[in-house]
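Dropping start-v1.csv in here (CSV, C-alpha atoms):
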chain,number,residue,atom,x,y,z
A,29,MET,CA,98.2,16.5,-7.2
A,30,ASN,CA,94.5,17.1,-6.5
A,31,THR,CA,93.5,17.4,-2.8
A,32,ALA,CA,90.3,17.0,-0.8
A,33,ASP,CA,89.4,16.4,2.9
A,34,VAL,CA,87.9,13.0,2.1
A,35,VAL,CA,87.9,10.7,-1.0
A,36,VAL,CA,85.0,8.2,-1.2
A,37,VAL,CA,85.8,5.2,-3.4
A,38,GLY,CA,82.6,3.4,-4.7
A,39,LEU,CA,79.4,5.3,-5.2
A,40,GLY,CA,76.6,2.9,-4.5
A,41,ALA,CA,74.1,3.2,-1.7
A,42,VAL,CA,76.7,3.6,1.0
A,43,GLY,CA,79.2,5.7,-0.8
A,44,GLY,CA,76.6,8.0,-2.3
A,45,ALA,CA,75.0,8.6,1.1
A,46,LEU,CA,78.4,9.3,2.6
A,47,LEU,CA,79.4,11.7,-0.1
A,48,LEU,CA,76.1,13.6,0.2
A,49,GLN,CA,76.3,14.0,4.0
A,50,LEU,CA,79.9,15.1,3.8
A,51,ALA,CA,79.2,17.7,1.2
A,52,ARG,CA,76.2,19.1,3.2
A,53,ARG,CA,78.5,19.5,6.2
A,54,GLY,CA,80.9,21.6,4.2
A,55,VAL,CA,83.6,18.9,3.8
A,56,SER,CA,85.7,19.0,0.7
A,57,ALA,CA,84.8,15.6,-0.7
A,58,VAL,CA,85.4,13.7,-4.0
A,59,GLY,CA,83.7,10.5,-5.0
A,60,ILE,CA,85.0,8.1,-7.6
A,61,ASP,CA,83.5,5.0,-9.2
A,62,ARG,CA,84.9,2.7,-11.8
A,63,PHE,CA,81.5,2.6,-13.6
A,64,GLU,CA,78.6,5.0,-14.1
A,65,PRO,CA,76.5,4.8,-11.0
A,66,PRO,CA,73.9,3.6,-10.5
A,67,HIS,CA,75.0,0.5,-12.5
A,68,ASP,CA,74.6,-3.3,-12.5
A,69,GLN,CA,78.0,-4.2,-11.2
A,70,GLY,CA,77.4,-3.7,-7.5
A,71,SER,CA,75.1,-4.7,-4.6
A,72,SER,CA,73.0,-1.5,-5.1
A,73,HIS,CA,71.8,-2.9,-8.4
A,74,GLY,CA,68.2,-4.0,-8.8
A,75,HIS,CA,64.6,-2.8,-8.5
A,76,THR,CA,63.9,-3.2,-4.7
A,77,ARG,CA,65.4,-3.6,-1.3
A,78,ILE,CA,63.7,-4.2,2.0
A,79,THR,CA,63.5,-1.5,4.6
A,80,ARG,CA,62.3,-2.1,8.2
A,81,ILE,CA,62.5,-0.2,11.5
A,82,ALA,CA,62.6,-3.0,14.1
A,83,VAL,CA,65.9,-4.5,12.8
A,84,GLY,CA,66.4,-7.8,14.5
A,85,GLU,CA,70.1,-7.7,13.8
A,86,GLY,CA,70.5,-5.2,16.7
A,87,GLU,CA,68.9,-2.3,18.5
A,88,ALA,CA,71.6,0.1,17.4
A,89,PHE,CA,70.2,0.1,13.9
A,90,VAL,CA,66.7,1.3,14.9
A,91,PRO,CA,67.4,5.0,15.1
A,92,LEU,CA,69.5,4.8,11.9
A,93,VAL,CA,66.5,3.4,10.0
A,94,GLN,CA,64.1,5.9,11.5
A,95,ARG,CA,66.4,8.7,10.4
A,96,SER,CA,66.8,7.1,6.9
A,97,HIS,CA,63.0,7.1,6.4
A,98,GLN,CA,63.0,10.8,7.1
A,99,LEU,CA,65.8,11.4,4.7
A,100,TRP,CA,64.2,9.4,1.9
A,101,ARG,CA,61.0,11.4,2.2
A,102,SER,CA,63.0,14.6,2.2
A,103,PHE,CA,64.9,13.6,-0.9
A,104,GLU,CA,61.6,12.7,-2.6
A,105,ALA,CA,60.2,16.2,-1.8
A,106,GLN,CA,63.4,17.8,-3.1
A,107,THR,CA,63.6,15.9,-6.4
A,108,GLY,CA,60.1,14.6,-7.2
A,109,THR,CA,61.6,11.1,-7.4
A,110,ALA,CA,59.9,8.0,-5.8
A,111,LEU,CA,62.4,6.3,-3.5
A,112,MET,CA,60.4,4.4,-0.9
A,113,ARG,CA,57.1,2.6,-0.8
A,114,GLN,CA,55.7,1.4,2.5
A,115,THR,CA,54.1,-1.9,1.6
A,116,GLY,CA,54.4,-3.2,5.1
A,117,LEU,CA,57.0,-5.9,6.1
A,118,LEU,CA,55.9,-9.4,7.1
A,119,LEU,CA,58.3,-11.4,9.2
A,120,VAL,CA,57.5,-15.1,9.5
A,121,GLY,CA,59.1,-17.3,12.2
A,122,GLY,CA,58.0,-20.2,14.3
A,123,GLN,CA,58.7,-22.7,17.1
A,124,GLY,CA,62.3,-23.6,17.3
A,125,ARG,CA,63.4,-21.4,14.5
A,126,ASP,CA,65.0,-18.6,16.6
A,127,ALA,CA,68.0,-20.8,17.5
A,128,ALA,CA,69.5,-20.1,14.0
A,129,ALA,CA,71.7,-17.0,13.7
A,130,TYR,CA,69.9,-15.3,10.9
A,131,HIS,CA,72.1,-12.3,9.8
A,132,GLY,CA,74.3,-13.1,12.8
A,133,GLN,CA,71.5,-12.7,15.4
A,134,THR,CA,70.0,-15.6,17.3
A,135,GLY,CA,66.5,-15.0,18.4
A,136,PHE,CA,65.9,-12.9,15.3
A,137,PHE,CA,62.1,-13.1,15.3
A,138,ALA,CA,61.8,-12.5,19.1
A,139,GLU,CA,64.3,-9.7,19.0
A,140,THR,CA,62.4,-8.0,16.1
A,141,CYS,CA,59.1,-8.1,18.1
A,142,ALA,CA,60.8,-6.9,21.3
A,143,LEU,CA,62.4,-3.9,19.5
A,144,ALA,CA,59.1,-2.9,18.0
A,145,GLN,CA,57.6,-2.9,21.5
A,146,ARG,CA,60.4,-0.9,23.0
A,147,HIS,CA,60.6,1.7,20.3
A,148,GLY,CA,56.9,2.1,19.6
A,149,VAL,CA,57.1,0.8,16.1
A,150,SER,CA,53.6,0.3,14.6
A,151,HIS,CA,53.1,-3.4,14.1
A,152,GLU,CA,50.8,-6.4,14.6
A,153,ARG,CA,51.3,-10.0,15.6
A,154,LEU,CA,49.2,-12.2,13.3
A,155,THR,CA,48.2,-15.9,13.4
A,156,PRO,CA,48.5,-18.1,10.2
A,157,ASP,CA,44.8,-17.8,9.6
A,158,GLU,CA,44.9,-14.0,9.9
A,159,VAL,CA,47.8,-13.9,7.4
A,160,ARG,CA,45.9,-16.0,4.9
A,161,ARG,CA,42.9,-13.7,5.1
A,162,ARG,CA,44.9,-10.5,4.8
A,163,PHE,CA,47.4,-11.7,2.3
A,164,PRO,CA,46.0,-14.7,0.3
A,165,ALA,CA,49.3,-15.4,-1.5
A,166,PHE,CA,50.9,-16.6,1.8
A,167,ARG,CA,50.2,-20.1,3.2
A,168,LEU,CA,51.7,-20.3,6.7
A,169,GLY,CA,51.8,-23.6,8.6
A,170,GLU,CA,50.2,-24.1,12.0
A,171,GLY,CA,53.4,-23.6,13.9
A,172,ASP,CA,54.3,-20.4,12.2
A,173,GLU,CA,54.2,-16.9,13.8
A,174,ALA,CA,54.0,-13.6,11.9
A,175,TYR,CA,55.0,-10.0,12.7
A,176,LEU,CA,53.7,-7.2,10.4
A,177,GLU,CA,55.5,-3.9,10.5
A,178,HIS,CA,53.2,-1.3,9.0
A,179,ASP,CA,55.9,1.3,8.0
A,180,GLY,CA,58.3,-1.3,6.5
A,181,GLY,CA,58.4,-1.8,2.8
A,182,VAL,CA,60.8,-1.3,-0.1
A,183,LEU,CA,63.4,1.1,-1.3
A,184,PHE,CA,64.2,1.6,-5.0
A,185,PRO,CA,68.0,1.4,-4.8
A,186,GLU,CA,69.1,2.7,-8.2
A,187,PRO,CA,67.0,5.9,-8.0
A,188,CYS,CA,68.3,6.3,-4.4
A,189,VAL,CA,71.8,6.2,-5.6
A,190,ARG,CA,71.1,8.6,-8.5
A,191,VAL,CA,69.3,11.2,-6.3
A,192,GLN,CA,72.0,11.2,-3.6
A,193,LEU,CA,74.8,11.7,-6.1
A,194,ALA,CA,72.9,14.6,-7.8
A,195,LEU,CA,72.2,16.2,-4.4
A,196,ALA,CA,75.9,15.7,-3.4
A,197,GLU,CA,77.1,17.5,-6.5
A,198,GLN,CA,74.6,20.3,-5.8
A,199,ALA,CA,76.1,20.6,-2.3
A,200,GLY,CA,79.6,20.9,-3.7
A,201,ALA,CA,81.0,17.4,-3.9
A,202,ARG,CA,82.9,16.3,-7.0
A,203,VAL,CA,81.9,13.0,-8.6
A,204,LEU,CA,84.3,11.2,-10.9
A,205,ARG,CA,82.4,8.6,-12.9
A,206,CYS,CA,84.0,5.8,-15.0
A,207,THR,CA,87.1,6.3,-12.9
A,208,PRO,CA,88.8,3.2,-11.5
A,209,MET,CA,91.2,3.4,-8.6
A,210,LEU,CA,94.6,2.1,-9.8
A,211,SER,CA,96.4,2.3,-6.5
A,212,LEU,CA,96.1,3.3,-2.8
A,213,ASP,CA,99.1,4.5,-0.8
A,214,SER,CA,98.4,5.0,2.9
A,215,SER,CA,101.9,5.6,3.9
A,216,GLY,CA,102.8,9.0,5.4
A,217,SER,CA,100.4,11.6,6.8
A,218,ALA,CA,97.9,11.4,4.0
A,219,VAL,CA,96.4,8.8,1.7
A,220,THR,CA,97.0,9.0,-2.1
A,221,VAL,CA,94.5,7.5,-4.6
A,222,GLU,CA,95.8,7.1,-8.2
A,223,THR,CA,93.3,7.1,-11.1
A,224,PRO,CA,93.7,7.4,-14.9
A,225,GLN,CA,92.7,11.1,-14.6
A,226,GLY,CA,95.3,11.9,-12.0
A,227,ARG,CA,96.1,11.5,-8.3
A,228,TRP,CA,94.0,12.6,-5.3
A,229,GLN,CA,95.4,13.1,-1.8
A,230,ALA,CA,93.3,13.4,1.4
A,231,PRO,CA,93.7,12.8,5.1
A,232,GLN,CA,91.0,10.2,4.8
A,233,VAL,CA,89.8,7.7,2.2
A,234,VAL,CA,86.7,5.6,2.6
A,235,LEU,CA,86.3,2.4,0.6
A,236,CYS,CA,82.7,1.6,-0.2
A,237,THR,CA,83.4,-0.8,-3.1
A,238,GLY,CA,81.4,-3.9,-2.2
A,239,ALA,CA,82.8,-7.0,-3.9
A,240,TRP,CA,86.0,-5.2,-4.8
A,241,LEU,CA,86.8,-4.3,-1.2
A,242,PRO,CA,89.1,-7.2,-0.3
A,243,GLY,CA,91.5,-6.4,-3.2
A,244,MET,CA,91.3,-2.7,-2.6
A,245,ALA,CA,92.0,-3.1,1.1
A,246,ALA,CA,95.2,-5.0,0.1
A,247,MET,CA,96.4,-1.9,-1.8
A,248,GLY,CA,96.7,-0.1,1.5
A,249,ASP,CA,98.1,-1.7,4.6
A,250,GLY,CA,96.1,-4.9,4.0
A,251,GLY,CA,94.8,-5.0,7.5
A,252,ALA,CA,91.2,-5.6,6.6
A,253,GLN,CA,91.8,-8.1,3.8
A,254,PRO,CA,91.9,-11.4,5.8
A,255,ARG,CA,88.5,-10.6,7.5
A,256,LEU,CA,86.7,-10.0,4.2
A,257,ARG,CA,85.0,-12.6,2.0
A,258,VAL,CA,82.8,-12.1,-1.1
A,259,LEU,CA,79.7,-14.4,-1.0
A,260,ARG,CA,77.2,-15.0,-3.7
A,261,GLN,CA,73.6,-14.4,-3.1
A,262,VAL,CA,71.2,-16.1,-5.5
A,263,LEU,CA,68.0,-14.3,-6.5
A,264,HIS,CA,64.9,-15.7,-8.3
A,265,TRP,CA,62.1,-14.1,-10.3
A,266,LEU,CA,58.9,-16.1,-10.4
A,267,ASP,CA,55.9,-15.9,-12.7
A,268,THR,CA,52.5,-16.4,-11.1
A,269,PRO,CA,49.0,-17.2,-12.6
A,270,GLN,CA,47.5,-14.8,-10.1
A,271,PRO,CA,49.5,-11.5,-10.3
A,272,ALA,CA,46.8,-9.5,-8.6
A,273,GLN,CA,47.7,-11.3,-5.3
A,274,PHE,CA,51.3,-9.9,-5.5
A,275,GLU,CA,50.6,-6.3,-6.2
A,276,PRO,CA,52.1,-3.9,-3.6
A,277,GLU,CA,48.7,-2.8,-2.4
A,278,VAL,CA,47.9,-6.3,-1.1
A,279,PHE,CA,51.3,-8.1,-0.8
A,280,PRO,CA,54.0,-6.9,1.7
A,281,ALA,CA,57.7,-7.3,1.5
A,282,PHE,CA,58.6,-10.3,3.6
A,283,ILE,CA,61.3,-12.3,5.4
A,284,TRP,CA,60.5,-16.0,6.1
A,285,LEU,CA,62.5,-18.1,8.6
A,286,HIS,CA,61.3,-21.6,7.6
A,287,GLY,CA,63.9,-23.9,9.3
A,288,GLN,CA,66.3,-24.3,12.1
A,289,THR,CA,69.6,-23.2,10.4
A,290,ALA,CA,70.8,-19.8,9.3
A,291,SER,CA,70.4,-20.8,5.6
A,292,ASP,CA,66.7,-21.8,6.1
A,293,ALA,CA,65.4,-18.4,5.2
A,294,PHE,CA,64.4,-16.3,2.2
A,295,TYR,CA,62.9,-12.9,1.5
A,296,GLY,CA,60.9,-11.3,-1.2
A,297,PHE,CA,59.0,-8.3,-2.6
A,298,PRO,CA,55.7,-7.5,-4.2
Using structure tokens, write down the structure from this file.
Amino acid sequence: MNTADVVVVGLGAVGGALLLQLARRGVSAVGIDRFEPPHDQGSSHGHTRITRIAVGEGEAFVPLVQRSHQLWRSFEAQTGTALMRQTGLLLVGGQGRDAAAYHGQTGFFAETCALAQRHGVSHERLTPDEVRRRFPAFRLGEGDEAYLEHDGGVLFPEPCVRVQLALAEQAGARVLRCTPMLSLDSSGSAVTVETPQGRWQAPQVVLCTGAWLPGMAAMGDGGAQPRLRVLRQVLHWLDTPQPAQFEPEVFPAFIWLHGQTASDAFYGFP
């Protein structure tokens, strides 16, 4: 029986970050993933993800994002790998559109602007005409409002995962790749994780398995399973006859609330 202080199951963006921070704090930690992270089977897959400081979902996120930006720059300096590009983040809302609970938060546009004010986040409020002049690819309507966060932008999720796992191993964590979890036994004073390469026992196991989380939670006491649903998110890649308008030097990452229901929104990247 192998032992550790913590077993982290799933090594995407969340699991990789957790494993690294545990190892740097001197915790005996092992991470396992059924694939070879980073890979295309989880929510950390893809070229880009939005990052923003004034997080309209809730004020508690603001210091976490501020700290994360510090960490990305630190990891870049340590490894020479580009992880974040600050293209700016454009949030578009408008009259009557804050009633919808976007990401579970009503008043999302107003809350974003208020958080930026309270926390000194560098930003501007722009009119539709100002947006058209600054970013010609956007065509806002007369009832639209725009918020531009200067330090927002994009993360490169797969390099982020790769770098965090490499740094975790340097700090003493053990990483088991291509290692599925076969069972999870949370009875008794410790938790036992069974894999094809053997069993691991630890006082704590953290499941960071994305779409596999409902089934894996059921392996334990099942308490989390009824509250979890896996939802599909549809993405599109569009060609343009004017690619120069969409380069990161002139086109920010964006979130556009265009209607009065929670589904009337989309987001995109340079």
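Residue nearest Ala196 (chain A) within the list A:Met244, A:Val233, A:Ala32, A:Ala51: A:Ala51 [criterion: smallest interatomic distance, only C-alpha atoms].
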Spatial neighbours of Val191 (chain A), max dist 9 Å, all atoms listed in the file, sep filter under 6 positions, as number ranges by chain: A: 44, 103-104, 107, 109, 111
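For the pair CA of Gln288 (chain A) and CA of Gln114 (chain A), the separation is 29.4 Å.
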Nearest candidate to Ile78 (chain A) (options A:Leu195, A:Leu47, A:Leu119, A:Ile60; using only C-alpha atoms): A:Leu119
Neighbouring residues of region 155-166 of chain A were defined as those with any atom within 9 Å, considering only C-alpha atoms; residues of the same chain fewer than 4 positions away were excluded. Please report them as a compact mmCIF listing (two decimals) with C-alpha atoms, in the coordinates of the input.
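What ended up in part-v7.txt:
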# COMPACT_ATOMS: atom_id res chain seq x y z
CA GLU A 170 50.20 -24.10 12.00
CA GLY A 171 53.40 -23.60 13.90
CA ASP A 172 54.30 -20.40 12.20
CA GLU A 173 54.20 -16.90 13.80
CA ALA A 174 54.00 -13.60 11.90
CA GLN A 270 47.50 -14.80 -10.10
CA GLN A 273 47.70 -11.30 -5.30
CA PHE A 274 51.30 -9.90 -5.50
CA VAL A 278 47.90 -6.30 -1.10
CA PHE A 279 51.30 -8.10 -0.80
CA PRO A 280 54.00 -6.90 1.70
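The spacing separating CA of Gln98 (chain A) from CA of Glu85 (chain A) amounts to 20.9 Å.
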Would you mind listing what lies within 12 Å of Ala230 (chain A) as a PyMOL selection string, with all atoms listed in the file counted and same-chain residues fewer than 5 positions away left out? chain A and resi 29-36+55-59+212-222
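Checking A:Val37, A:Ala194, A:Cys236, A:Met247 one by one against Ser211 (chain A), counting only C-alpha atoms, you find the shortest gap at A:Met247.
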